[in-house]
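Please read the structure below before turning to the comments.
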Protein chains: 2
Amino acid sequence: MPQAQRLRDLLEDAIVEGHYAPGDRLDPEALARQYQCSRTPIREALTQLSASGMVKVAPKRGTFVARLSVTELVERFEVMAELEGMCGRLAARRMSNETRAALQQAQAACRQCMIRGDINGYYYENGEFHRLIYEGSHNAFLAQEARRLHAMLKPYRRLQLHARHRLENSWCEHERIVEALIAGDADTAQRELREHVLLQGERFNDLVASMQRLGQTHD
Amino acid sequence: MPQAQRLRDLLEDAIVEGHYAPGDRLDPEALARQYQCSRTPIREALTQLSASGMVKVAPKRGTFVARLSVTELVERFEVMAELEGMCGRLAARRMSNETRAALQQAQAACRQCMIRGDINGYYYENGEFHRLIYEGSHNAFLAQEARRLHAMLKPYRRLQLHARHRLENSWCEHERIVEALIAGDADTAQRELREHVLLQGERFNDLVASMQRLGQTHD
DNA sequence: CACCGCCCTGTTGTATACAACAACTGGTAT
DNA sequence: ATACCAGTTGTTGTATACAACAGGGCGGTG
């Protein structure tokens with residue numbers, strides 16, 4: 001596999017997992033030294049990340065990890081909610097028995113993390129939970145787009161989970177979603193997933209507050 | 001503006017407008033000669049187009065204009081329908097008076113083209129019609145994604161319009177959509193737009209047939 | 001003291017050269 | 001006749017060097 005691809009995946013992971021914070025500068029030369037290669041593959045990796053919206057290039061000033069404004073974030077969550085709902089609607093009809101079982105397993109794992117108060121664990125299992133629903137839609141393109149958006153929003157989604165009782169609420173919502181998916185109730189699955197993802201009410205305010213704190217640490 | 005960006009736009013346009021057909025080879029060296037530059041910016045342009053799904057690279061064998069399989073196409077239309085529906089739902093509530101007027105104007109232009117049987121004209125005005133609804137959603141990210149998918153499907157969408165009575169049917173569907181949008185009826189706008197975009201029944205078969213003809217001319 | 005302009009520096013974008021790699025083609029052996 | 005092997009060729013991926021461009025700082029001037 002070409003080096004640029006590996007670098008793209010590595011950098012994407014590092015961004016998504018929070019090793020680089022939104023607004024951080026990504027210096028091509030430093031990265032080139034770090035990964036023992038020339039600027040060319042680094043440049044290509046950054047270009048691709050820029051295309052997928054993970055980084056923003058400020059011409060002649062540097063490349064930075066994308067820092068989304070509140071508006072941009074709300075817009076993306078709005079689209080994400082719709083795509084997740086669509087995945088749910090399709091998955092309710094199309095999901096295989098294996099995926100169904102895996103989903104219930106992921107939900108059980110989420111429950112364990114919730115009980116232990118293990119936020120990072122929940123965060124990971126939650127990703128699995130949603131990924132399974134994407135795959136369950138049996139629409140590879142939809143699943144790919146959903147994964148892309150999910151990755152893009154991951155750094156911000158993580159902030160939400162620290163809000164009080166968010167884990168419990170999230171898990172209960174999952175429970176209703178699983179129920180609808182198992183029952184094959186497409187409409188309910190779609191609606192519950194949309195609501196689950198959509199930023200609304202308190203959660204919106206919590207997230208904005210977290211972002212502002214995040215912003216202060218890097219300005 | 002960097003040359004690579006210009007080239008990307010140029011190539012994308014050329015593909016979308018059908019100057020290159022799905023399956024055509026895009027030889028970097030030939031393009032470099034054609035555009036009087038080195039392979040570097042060409043390469044970058046092609047990489048970006050590959051990321052957005054317009055071209056497919058077959059490692060060590062060449063770069064080709066994406067030729068979507070029937071499955072891939074159906075999947076994309078399925079997602080497109082959902083996104084358009086979402087645009088419609090939001091636009092019904094958020095569209096400005098100017099956009100509303102522009103939409104009615106585009107619809108009138110479509111009507112003229114329909115009456116004249118001007119397929120290319122209709123094709124163009126149809127693009128405007130849909131673009132206005134995207135913008136009307138007042139969700140810049142959603143609009144961008146919708147435009148991207150729309151562009152990707154454009155070469156195939158064009159095939160549909162040649163089917164008998166497709167222009168008339170399309171225009172009538174537009175009419176119902178405009179009506180719902182003007183009335184601010186979000187549910188109807190969403191539903192009508194979804195149906196309008198979704199490949200179903202006869203139209204699906206027509207498109208598959210056209211694609212097979214297209215395939216034969218390039219194999 | 002403030003403002004304007006110039007130079008320097010840093011960053012990106014492009015060209016070119018080179019190396020690695022896989023696919024194709026020709027030939028040979030079984 | 002077919003399968004396999006090796007050389008060749010074409011293509012991509014990477015490194016490096018260079019040029020262009022913009023921004024920031026510094027100094028001069030009003």
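Here, A, B, ... name the chains of the structure tokens in the order displayed, residue numbers run from 1 inside each chain, and ligands are numbered from 1 in the same displayed order.
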Can you work out which residues from chain B touch chain A at a cut-off of 8 Å (counting only C-alpha atoms) and hand them back as number ranges by chain?
B: 44, 47-48, 51-52, 72, 75-76, 79, 82, 86, 139-142
Keeping only all heavy atoms, write the selected residues to a file as a short mmCIF file (atom, residue, chain, number, x, y, z; two decimals), in the first residue's frame.
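And here's selection.cif as it stands now:
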```
data_model
loop_
_atom_site.label_atom_id
_atom_site.label_comp_id
_atom_site.auth_asym_id
_atom_site.auth_seq_id
_atom_site.Cartn_x
_atom_site.Cartn_y
_atom_site.Cartn_z
N GLU B 44 -2.42 15.46 -8.47
CA GLU B 44 -3.18 15.94 -7.32
C GLU B 44 -4.66 16.08 -7.67
O GLU B 44 -5.54 15.69 -6.88
CB GLU B 44 -2.62 17.29 -6.85
CG GLU B 44 -3.25 17.75 -5.56
CD GLU B 44 -2.45 18.85 -4.88
OE1 GLU B 44 -1.22 18.86 -5.03
OE2 GLU B 44 -3.08 19.71 -4.23
N THR B 47 -6.15 12.66 -7.76
CA THR B 47 -6.31 12.13 -6.41
C THR B 47 -7.57 12.68 -5.76
O THR B 47 -8.35 11.95 -5.15
CB THR B 47 -5.10 12.53 -5.54
OG1 THR B 47 -3.91 12.05 -6.17
CG2 THR B 47 -5.21 11.93 -4.16
N GLN B 48 -7.78 13.97 -5.91
CA GLN B 48 -8.96 14.58 -5.31
C GLN B 48 -10.24 14.06 -5.95
O GLN B 48 -11.23 13.81 -5.25
CB GLN B 48 -8.89 16.11 -5.44
CG GLN B 48 -7.84 16.72 -4.53
CD GLN B 48 -7.89 18.24 -4.54
OE1 GLN B 48 -8.95 18.84 -4.58
NE2 GLN B 48 -6.72 18.86 -4.52
N ALA B 51 -11.00 10.82 -4.55
CA ALA B 51 -11.57 10.90 -3.20
C ALA B 51 -13.06 11.18 -3.26
O ALA B 51 -13.84 10.67 -2.45
CB ALA B 51 -10.86 11.98 -2.39
N SER B 52 -13.48 11.98 -4.23
CA SER B 52 -14.90 12.31 -4.31
C SER B 52 -15.65 11.29 -5.15
O SER B 52 -16.85 11.41 -5.35
CB SER B 52 -15.09 13.71 -4.89
OG SER B 52 -14.92 13.71 -6.28
N GLU B 72 -23.94 -0.05 -7.32
CA GLU B 72 -23.40 1.21 -6.81
C GLU B 72 -24.32 2.37 -7.16
O GLU B 72 -24.52 3.30 -6.38
CB GLU B 72 -22.01 1.46 -7.40
CG GLU B 72 -20.96 0.50 -6.90
CD GLU B 72 -19.63 0.69 -7.63
OE1 GLU B 72 -19.61 0.77 -8.87
OE2 GLU B 72 -18.60 0.76 -6.95
N GLU B 75 -27.48 2.35 -5.03
CA GLU B 75 -27.14 2.81 -3.69
C GLU B 75 -27.04 4.33 -3.63
O GLU B 75 -27.55 4.98 -2.71
CB GLU B 75 -25.82 2.21 -3.24
CG GLU B 75 -25.89 0.74 -2.92
CD GLU B 75 -24.55 0.18 -2.45
OE1 GLU B 75 -23.53 0.90 -2.55
OE2 GLU B 75 -24.54 -0.95 -1.97
N ARG B 76 -26.38 4.90 -4.64
CA ARG B 76 -26.19 6.35 -4.64
C ARG B 76 -27.50 7.09 -4.86
O ARG B 76 -27.75 8.14 -4.25
CB ARG B 76 -25.15 6.74 -5.69
CG ARG B 76 -23.73 6.52 -5.20
CD ARG B 76 -22.76 6.40 -6.37
NE ARG B 76 -21.38 6.32 -5.94
CZ ARG B 76 -20.80 5.23 -5.43
NH1 ARG B 76 -21.52 4.13 -5.26
NH2 ARG B 76 -19.53 5.24 -5.09
N VAL B 79 -29.36 7.18 -1.58
CA VAL B 79 -28.87 8.22 -0.67
C VAL B 79 -29.26 9.60 -1.18
O VAL B 79 -29.70 10.47 -0.42
CB VAL B 79 -27.35 8.12 -0.49
CG1 VAL B 79 -26.83 9.28 0.34
CG2 VAL B 79 -26.98 6.80 0.16
N GLU B 82 -32.74 10.55 -0.36
CA GLU B 82 -32.91 10.93 1.04
C GLU B 82 -32.41 12.36 1.27
O GLU B 82 -33.06 13.16 1.95
CB GLU B 82 -32.14 9.95 1.93
CG GLU B 82 -32.54 10.00 3.38
CD GLU B 82 -33.86 9.27 3.65
OE1 GLU B 82 -34.34 8.56 2.73
OE2 GLU B 82 -34.40 9.42 4.76
N MET B 86 -34.50 15.65 2.36
CA MET B 86 -34.12 16.46 3.51
C MET B 86 -34.02 17.94 3.12
O MET B 86 -34.51 18.81 3.83
CB MET B 86 -32.79 15.96 4.05
CG MET B 86 -32.35 16.69 5.31
SD MET B 86 -30.76 16.08 5.89
CE MET B 86 -30.51 17.17 7.30
N ASN B 139 -28.56 24.91 4.82
CA ASN B 139 -27.57 24.08 5.51
C ASN B 139 -26.44 23.90 4.49
O ASN B 139 -26.54 23.09 3.57
CB ASN B 139 -28.18 22.74 5.93
CG ASN B 139 -27.20 21.84 6.64
OD1 ASN B 139 -26.02 21.83 6.31
ND2 ASN B 139 -27.67 21.09 7.62
N ALA B 140 -25.38 24.69 4.68
CA ALA B 140 -24.32 24.75 3.67
C ALA B 140 -23.67 23.39 3.46
O ALA B 140 -23.36 23.01 2.33
CB ALA B 140 -23.27 25.78 4.08
N PHE B 141 -23.52 22.65 4.54
CA PHE B 141 -22.90 21.33 4.42
C PHE B 141 -23.78 20.38 3.64
O PHE B 141 -23.34 19.70 2.71
CB PHE B 141 -22.60 20.76 5.80
CG PHE B 141 -21.98 19.40 5.78
CD1 PHE B 141 -20.67 19.24 5.37
CD2 PHE B 141 -22.71 18.29 6.15
CE1 PHE B 141 -20.10 17.98 5.33
CE2 PHE B 141 -22.14 17.03 6.13
CZ PHE B 141 -20.83 16.87 5.71
N LEU B 142 -25.06 20.37 3.98
CA LEU B 142 -26.00 19.53 3.26
C LEU B 142 -26.01 19.89 1.78
O LEU B 142 -25.96 19.01 0.91
CB LEU B 142 -27.41 19.70 3.85
CG LEU B 142 -28.55 19.03 3.11
CD1 LEU B 142 -28.37 17.52 3.07
CD2 LEU B 142 -29.89 19.38 3.76
#
```
Write out as a PyMOL selection string the residues lying within 8 Å of Gln190 (chain A), counting only C-alpha atoms (C1' of nucleotides) and excluding same-chain residues fewer than 4 positions away.
chain A and resi 84-89+186+194
Mind checking which residues fall within 9 Å of Glu173 (chain B), counting only C-alpha atoms (C1' of nucleotides), ignoring those fewer than 5 positions away in the same chain, and posting them as a list in words?
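So the residues in contact are Glu168, Val178, Glu192, Leu193, Glu195 and His196 of chain B.
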Test item: residues at most 10 Å from DT25 (chain C), only C-alpha atoms (C1' of nucleotides), excluding those fewer than 4 positions along its chain, as a list of chain:residue names
D:DG7, D:DT8, D:DT9
Quick one: distance from CA of His150 (chain B) to CA of His130 (chain B) in Å, one decimal?
8.9 Å
Hey, which of B:Asp185, B:Gly23, B:Lys60, B:Leu11 ends up closest to chain D? Count only C-alpha atoms (C1' of nucleotides).
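Distance minimum relative to chain D lands on B:Lys60.
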Give one line per residue of chain A that approaches chain C to at most 12 Å, naming the two atoms of the closest pair and their distance in Å to one decimal, counting only C-alpha atoms (C1' of nucleotides); sort by chain then ascending residue number and deliver it as a tab-separated table.
```
residue	atom	partner	partner_atom	distance
A:Met1	CA	C:DC21	C1'	11.1
A:Pro2	CA	C:DC21	C1'	11.0
A:Asp27	CA	C:DT11	C1'	9.8
A:Pro28	CA	C:DT11	C1'	9.8
A:Glu29	CA	C:DT11	C1'	10.2
A:Arg39	CA	C:DT12	C1'	11.0
A:Thr40	CA	C:DG13	C1'	11.3
A:Arg43	CA	C:DT12	C1'	10.0
A:Val57	CA	C:DT12	C1'	10.3
A:Ala58	CA	C:DT12	C1'	10.1
A:Pro59	CA	C:DT12	C1'	7.2
A:Lys60	CA	C:DT11	C1'	5.1
A:Arg61	CA	C:DT11	C1'	6.6
A:Gly62	CA	C:DT11	C1'	7.0
A:Thr63	CA	C:DT11	C1'	10.0
```
Those same residues, written as a tab-separated table (two decimals), in the first residue's frame with all heavy atoms?
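Written file, again28.tsv:
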```tsv
chain	number	residue	atom	x	y	z
A	1	MET	N	0.85	-1.21	0.00
A	1	MET	CA	0.00	0.00	0.00
A	1	MET	C	0.88	1.25	0.00
A	1	MET	O	1.88	1.30	0.71
A	1	MET	CB	-0.89	-0.01	1.25
A	1	MET	CG	-1.98	1.03	1.23
A	1	MET	SD	-3.00	0.99	2.69
A	1	MET	CE	-3.36	-0.76	2.80
A	2	PRO	N	0.50	2.21	-0.80
A	2	PRO	CA	1.29	3.44	-0.85
A	2	PRO	C	1.42	4.08	0.52
A	2	PRO	O	0.51	4.00	1.35
A	2	PRO	CB	0.53	4.35	-1.81
A	2	PRO	CG	-0.73	3.64	-2.14
A	2	PRO	CD	-0.59	2.23	-1.75
A	27	ASP	N	2.43	20.63	10.64
A	27	ASP	CA	3.55	21.11	9.84
A	27	ASP	C	4.09	19.98	8.97
A	27	ASP	O	4.59	18.98	9.49
A	27	ASP	CB	4.66	21.63	10.76
A	27	ASP	CG	5.81	22.20	9.95
A	27	ASP	OD1	5.58	22.54	8.78
A	27	ASP	OD2	6.93	22.28	10.49
A	28	PRO	N	3.99	20.14	7.64
A	28	PRO	CA	4.43	19.08	6.73
A	28	PRO	C	5.87	18.65	6.98
A	28	PRO	O	6.16	17.44	6.99
A	28	PRO	CB	4.29	19.74	5.35
A	28	PRO	CG	3.25	20.78	5.53
A	28	PRO	CD	3.42	21.29	6.92
A	29	GLU	N	6.75	19.61	7.18
A	29	GLU	CA	8.16	19.25	7.37
A	29	GLU	C	8.37	18.45	8.66
A	29	GLU	O	9.09	17.45	8.68
A	29	GLU	CB	9.03	20.50	7.38
A	29	GLU	CG	9.38	20.97	5.98
A	29	GLU	CD	10.45	22.05	6.01
A	29	GLU	OE1	11.63	21.69	6.18
A	29	GLU	OE2	10.09	23.23	5.88
A	39	ARG	N	8.28	15.43	1.94
A	39	ARG	CA	7.05	16.18	2.08
A	39	ARG	C	5.96	15.68	1.14
A	39	ARG	O	4.77	15.89	1.39
A	39	ARG	CB	7.32	17.67	1.79
A	39	ARG	CG	7.30	18.56	3.01
A	39	ARG	CD	7.51	19.99	2.60
A	39	ARG	NE	6.67	20.36	1.47
A	39	ARG	CZ	7.03	21.14	0.49
A	39	ARG	NH1	8.24	21.66	0.47
A	39	ARG	NH2	6.21	21.43	-0.48
A	40	THR	N	6.36	15.01	0.07
A	40	THR	CA	5.38	14.62	-0.97
A	40	THR	C	4.25	13.76	-0.44
A	40	THR	O	3.08	14.13	-0.60
A	40	THR	CB	6.09	13.96	-2.15
A	40	THR	OG1	7.16	14.79	-2.59
A	40	THR	CG2	5.13	13.71	-3.27
A	43	ARG	N	2.16	15.65	2.01
A	43	ARG	CA	1.30	16.61	1.31
A	43	ARG	C	0.06	15.93	0.74
A	43	ARG	O	-1.05	16.44	0.86
A	43	ARG	CB	2.10	17.25	0.18
A	43	ARG	CG	1.34	18.21	-0.64
A	43	ARG	CD	2.18	18.75	-1.78
A	43	ARG	NE	1.35	19.49	-2.70
A	43	ARG	CZ	0.90	20.70	-2.46
A	43	ARG	NH1	1.20	21.29	-1.33
A	43	ARG	NH2	0.13	21.32	-3.33
A	57	VAL	N	-6.79	23.96	5.14
A	57	VAL	CA	-5.55	24.60	4.76
A	57	VAL	C	-5.76	26.10	4.66
A	57	VAL	O	-6.70	26.57	4.02
A	57	VAL	CB	-5.00	24.07	3.42
A	57	VAL	CG1	-4.57	22.62	3.56
A	57	VAL	CG2	-6.03	24.20	2.32
A	58	ALA	N	-4.89	26.85	5.33
A	58	ALA	CA	-4.89	28.30	5.21
A	58	ALA	C	-3.72	28.65	4.31
A	58	ALA	O	-2.58	28.57	4.74
A	58	ALA	CB	-4.74	28.95	6.58
A	59	PRO	N	-3.99	28.99	3.05
A	59	PRO	CA	-2.92	29.17	2.06
A	59	PRO	C	-1.79	30.06	2.58
A	59	PRO	O	-2.05	31.14	3.11
A	59	PRO	CB	-3.65	29.84	0.89
A	59	PRO	CG	-5.07	29.42	1.03
A	59	PRO	CD	-5.31	29.31	2.50
A	60	LYS	N	-0.60	29.58	2.45
A	60	LYS	CA	0.61	30.32	2.84
A	60	LYS	C	0.69	30.56	4.35
A	60	LYS	O	1.51	31.34	4.80
A	60	LYS	CB	0.68	31.68	2.13
A	60	LYS	CG	0.61	31.60	0.62
A	60	LYS	CD	1.85	31.01	0.04
A	60	LYS	CE	1.70	30.80	-1.46
A	60	LYS	NZ	2.77	29.98	-2.00
A	61	ARG	N	-0.16	29.94	5.11
A	61	ARG	CA	-0.10	30.16	6.56
A	61	ARG	C	-0.01	28.86	7.34
A	61	ARG	O	0.32	28.87	8.51
A	61	ARG	CB	-1.30	30.99	7.02
A	61	ARG	CG	-1.27	32.39	6.46
A	61	ARG	CD	-2.26	33.28	7.14
A	61	ARG	NE	-2.18	33.25	8.60
A	61	ARG	CZ	-3.03	33.88	9.40
A	61	ARG	NH1	-4.02	34.57	8.87
A	61	ARG	NH2	-2.91	33.82	10.70
A	62	GLY	N	-0.33	27.77	6.69
A	62	GLY	CA	-0.22	26.50	7.38
A	62	GLY	C	-1.46	25.63	7.22
A	62	GLY	O	-2.50	26.08	6.74
A	63	THR	N	-1.33	24.39	7.66
A	63	THR	CA	-2.44	23.44	7.61
A	63	THR	C	-2.85	23.14	9.04
A	63	THR	O	-1.99	22.90	9.90
A	63	THR	CB	-2.00	22.15	6.90
A	63	THR	OG1	-1.49	22.49	5.62
A	63	THR	CG2	-3.15	21.21	6.74
```
Would you mind listing, for every residue of chain D within 9 Å of chain B, the two atoms forming the shortest contact and the distance between them in Å to one decimal, using only C-alpha atoms (C1' of nucleotides), sorted by chain and ascending residue number, as CSV?
```
residue,atom,partner,partner_atom,distance
D:DG10,C1',B:Lys60,CA,8.3
D:DT11,C1',B:Lys60,CA,5.1
D:DT12,C1',B:Lys60,CA,6.0
```
Please produce an output containing N, CA, C and O atoms (P, O5', C5', C4', C3', O3' and C1' of nucleotides) for each residue in the selection, written as a PDB file, in the first residue's frame.
```
ATOM      1  P    DG D  10       6.256   0.997 -23.190  1.00  0.00           P
ATOM      2  O5'  DG D  10       5.071   1.487 -22.237  1.00  0.00           O
ATOM      3  C5'  DG D  10       3.973   0.601 -21.989  1.00  0.00           C
ATOM      4  C4'  DG D  10       3.521   0.758 -20.561  1.00  0.00           C
ATOM      5  C3'  DG D  10       3.303   2.221 -20.140  1.00  0.00           C
ATOM      6  O3'  DG D  10       2.011   2.336 -19.591  1.00  0.00           O
ATOM      7  C1'  DG D  10       4.629   1.093 -18.538  1.00  0.00           C
ATOM      8  P    DT D  11       1.289   3.742 -19.553  1.00  0.00           P
ATOM      9  O5'  DT D  11       0.926   3.901 -18.019  1.00  0.00           O
ATOM     10  C5'  DT D  11       0.448   2.778 -17.291  1.00  0.00           C
ATOM     11  C4'  DT D  11       0.855   2.906 -15.849  1.00  0.00           C
ATOM     12  C3'  DT D  11       0.765   4.332 -15.300  1.00  0.00           C
ATOM     13  O3'  DT D  11      -0.330   4.435 -14.405  1.00  0.00           O
ATOM     14  C1'  DT D  11       2.734   3.199 -14.555  1.00  0.00           C
ATOM     15  P    DT D  12      -0.657   5.845 -13.757  1.00  0.00           P
ATOM     16  O5'  DT D  12      -0.236   5.665 -12.231  1.00  0.00           O
ATOM     17  C5'  DT D  12      -0.463   4.417 -11.581  1.00  0.00           C
ATOM     18  C4'  DT D  12       0.543   4.238 -10.473  1.00  0.00           C
ATOM     19  C3'  DT D  12       0.541   5.364  -9.449  1.00  0.00           C
ATOM     20  O3'  DT D  12       0.422   4.785  -8.156  1.00  0.00           O
ATOM     21  C1'  DT D  12       2.745   4.936 -10.173  1.00  0.00           C
TER      22       DT D  12
END
```
Run DSSP on the backbone of this structure and report the residues of region 7-218 of chain A it assigns to strand (DSSP E or B), as a PyMOL selection string.
chain A and resi 25+55-58+62-65
Output file for the residues above (N, CA, C and O atoms, as a CSV table (one decimal), in the first residue's frame):
```csv
chain,number,residue,atom,x,y,z
A,25,ARG,N,-1.8,23.0,14.5
A,25,ARG,CA,-1.1,23.1,13.2
A,25,ARG,C,-0.5,21.7,12.8
A,25,ARG,O,0.1,21.1,13.7
A,55,VAL,N,-9.1,18.4,7.9
A,55,VAL,CA,-8.2,19.5,8.1
A,55,VAL,C,-8.5,20.6,7.2
A,55,VAL,O,-9.2,20.5,6.1
A,56,LYS,N,-8.1,21.8,7.6
A,56,LYS,CA,-8.3,23.0,6.7
A,56,LYS,C,-7.0,23.6,6.4
A,56,LYS,O,-6.1,23.7,7.3
A,57,VAL,N,-6.8,24.0,5.1
A,57,VAL,CA,-5.5,24.6,4.8
A,57,VAL,C,-5.8,26.1,4.7
A,57,VAL,O,-6.7,26.6,4.0
A,58,ALA,N,-4.9,26.9,5.3
A,58,ALA,CA,-4.9,28.3,5.2
A,58,ALA,C,-3.7,28.6,4.3
A,58,ALA,O,-2.6,28.6,4.7
A,62,GLY,N,-0.3,27.8,6.7
A,62,GLY,CA,-0.2,26.5,7.4
A,62,GLY,C,-1.5,25.6,7.2
A,62,GLY,O,-2.5,26.1,6.7
A,63,THR,N,-1.3,24.4,7.7
A,63,THR,CA,-2.4,23.4,7.6
A,63,THR,C,-2.8,23.1,9.0
A,63,THR,O,-2.0,22.9,9.9
A,64,PHE,N,-4.1,23.1,9.3
A,64,PHE,CA,-4.6,23.0,10.6
A,64,PHE,C,-5.7,21.9,10.7
A,64,PHE,O,-6.4,21.7,9.8
A,65,VAL,N,-5.8,21.3,11.9
A,65,VAL,CA,-6.9,20.4,12.2
A,65,VAL,C,-8.2,21.2,12.1
A,65,VAL,O,-8.2,22.2,12.7
```
Close residues, Leu161 (chain A) itself excluded, 12 Å, only C-alpha atoms (C1' of nucleotides), min 6 positions apart in chain, as number ranges by chain
A: 114, 117-124, 126, 154-155, 167-171, 203, 206-207, 210
File of the preceding selection, C-alpha atoms, as a PDB file, in the first residue's frame:
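Result file follows (result02.pdb):
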```
ATOM      1  CA  MET A 114     -22.217   2.397  31.519  1.00  0.00           C
ATOM      2  CA  GLY A 117     -18.871   4.509  34.372  1.00  0.00           C
ATOM      3  CA  ASP A 118     -16.172   3.707  31.789  1.00  0.00           C
ATOM      4  CA  ILE A 119     -16.566   6.612  29.407  1.00  0.00           C
ATOM      5  CA  ASN A 120     -13.779   5.618  27.029  1.00  0.00           C
ATOM      6  CA  GLY A 121     -15.047   2.053  26.857  1.00  0.00           C
ATOM      7  CA  TYR A 122     -18.565   3.265  26.169  1.00  0.00           C
ATOM      8  CA  TYR A 123     -17.210   5.608  23.556  1.00  0.00           C
ATOM      9  CA  TYR A 124     -15.578   2.694  21.742  1.00  0.00           C
ATOM     10  CA  ASN A 126     -20.854   3.079  20.945  1.00  0.00           C
ATOM     11  CA  LYS A 154     -16.058  11.973  16.663  1.00  0.00           C
ATOM     12  CA  PRO A 155     -13.863  14.557  18.449  1.00  0.00           C
ATOM     13  CA  LEU A 167     -24.198   7.658  29.262  1.00  0.00           C
ATOM     14  CA  GLU A 168     -27.406   6.444  30.850  1.00  0.00           C
ATOM     15  CA  ASN A 169     -29.609   8.422  28.488  1.00  0.00           C
ATOM     16  CA  SER A 170     -27.608   7.296  25.483  1.00  0.00           C
ATOM     17  CA  TRP A 171     -27.892   3.670  26.510  1.00  0.00           C
ATOM     18  CA  ARG A 203     -27.269  18.596  24.731  1.00  0.00           C
ATOM     19  CA  ASP A 206     -23.607  21.330  26.717  1.00  0.00           C
ATOM     20  CA  LEU A 207     -21.668  20.771  23.526  1.00  0.00           C
ATOM     21  CA  SER A 210     -17.483  22.237  25.925  1.00  0.00           C
TER      22      SER A 210
END
```
Pairwise distance for CA of Ala21 (chain B) and CA of Arg67 (chain B), rounded to one decimal in Å
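Rounded to one decimal, the two atoms are 8.4 Å apart.
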